[in-house]
Amino acid sequence: MKVYKALTIAGSDSGGGAGIQADLKTFQELGVYGMSALTAVTAQNTLGVQGVYPLEPAAVARQLDSIGEDLTPDAVKTGMLFSSEIIRKVSDGIRRYGWKNLVVDPVMVAKGGSPLLQQEAVRALAQYLLPLALVTTPNIPEAEIIAGMTIAGIDDCKEAARRIAEMGSRYVVVKGGHGAEPGAVTDVLYDGTEFTYIESPRIDTPHTHGTGCTYSAALAAELAKGRTTDEAVKTAKAFIRAAIEDGLGIGSGHGPTNHFAYMRRLRGEGVGDND
Ligand SMILES: Nc1ncnc2c1ncn2[C@@H]1O[C@H](COP(=O)(O)OP(=O)(O)OP(=O)(O)O)[C@@H](O)[C@H]1O
Ligand SMILES: Cc1ncc(COP(=O)(O)O)c(N)n1
């Protein structure tokens with residue numbers, strides 16, 4: 001049996017809804033062996049971020065070497081990277097080991113507004129990481145910052161995707177969770193030539209903590225299994241849609257999504273008890 005392996009390079013979310021925890025849960029659900037290189041520890045729950053403790057860049061590099069010297073991931077995703085020094089180590093590691101199928105989720109701020117990437121690190125992200133990316137998955141505010149423009153609708157999402165692709169990312173998905181459409185969410189996929197719209201009804205819920213992490217992890221897991229980017233984007237959307245629809249209702253703030261939901265539905269099981 002071939003064991004497909006995916007690596008997440010991201011921050012820890014003590015509340016378990018976003019970051020490394022969301023990524024590993026998603027890899028596991030989609031049948032992919034998960035590995036992790038931590039960039040930072042955050043003290044976090046559904047109410048917000050109470051602390052951010054970045055790791056030494058050398059500790060990030062050492063984790064990547066330990067993985068690279070022994071294990072070859074079939075896909076890699078990055079999440080919270082915090083600083084330009086960490087971004088440099090991450091891009092060095094990815095290049096050194098020739099890792100393919102890189103998904104860059106350019107995490108910048110948590111839902112509550114706490115910064116997870118230093119402002120001056122945006123340049124390093126564009127310069128060192130985007131040229132290595134198979135897919136980059138900004139949300140609308142992240143796409144605005146990377147592309148240097150404001151986004152007021154789908155045409156602007158397309159222009160931002162074009163600009164981000166010019167920075168070197170092979171594919172770009174501008175995610176629509178933060179969009180202004182009332183009843184719908186539209187993600188815009190750009191393959192360097194054509195645009196595809198991935199639409200779904202907008203689910204009216206405050207429990208969207210970790211949606212971006214979960215989505216990009218599902219994308220990486222599917223790429224690890226050898227799916228095309230188009231197929232992986234479709235499955236990732238179905239995974240996050242089910243995860244938001246069947247929200248767990250835990251914590252008293254912005255709760256996590258339900259990482260069990262997609263596979264439970266495929267197996268024909270119910271939503272499941274939360275007791
Ligand atoms: N309310 C919603 N209803 C349906 N789908 C949603 C909703 N919010 C987000 N999504 C989907 O979830 C995925 C992540 O999108 P979003 O724009 O929320 O990313 P994000 O802002 O990076 O997430 P995060 O807030 O975790 O950083 C996309 O595929 C998007 O279409
Ligand atoms: C460690 C870590 N990584 C990423 C996010 C973004 O997720 P969200 O915007 O849903 O809070 C987060 N909150 N924490």
# chains A, B, ... in the order shown; residues from 1 in each chain; ligands from 1
call {"tool": "residues_near_ligand", "arguments": {"ligand": "ligand 2", "cutoff": "8 Å", "atoms": "only C-alpha atoms and all ligand atoms", "output": "PyMOL selection string"}}
result
chain A and resi 10-13+17-20+40-42+44+48-49+79-80+107-112+116+208-213
call {"tool": "residues_near_ligand", "arguments": {"ligand": "ligand 1", "cutoff": "6 Å", "atoms": "only C-alpha atoms and all ligand atoms", "output": "number ranges by chain"}}
result
A: 111, 139, 175-178, 185-187, 201-204, 209-213, 215, 237, 240-241
call {"tool": "residues_around", "arguments": {"residues": "A:Val76", "least_positions_apart": "4", "cutoff": "6 Å", "atoms": "only C-alpha atoms", "output": "tab-separated table (two decimals) with C-alpha atoms, in the first residue's frame"}}
result
chain	number	residue	atom	x	y	z
A	6	ALA	CA	1.82	15.62	3.61
A	7	LEU	CA	3.76	18.17	5.64
A	8	THR	CA	2.34	21.28	7.27
A	102	LEU	CA	3.48	23.34	-2.32
call {"tool": "select_by_dssp", "arguments": {"residues": "stretch 178-228 of chain A", "states": "strand (DSSP E)", "output": "PyMOL selection string"}}
result
chain A and resi 184-190+195-201
call {"tool": "closest_residue", "arguments": {"among": "A:Glu181, A:Glu245, A:Glu231, A:Glu222", "to": "A:His207", "atoms": "only C-alpha atoms"}}
result
A:Glu245
call {"tool": "closest_residue", "arguments": {"among": "A:Cys157, A:Leu134, A:Ala261, A:Ala242", "to": "A:Lys77", "atoms": "only C-alpha atoms"}}
result
A:Leu134
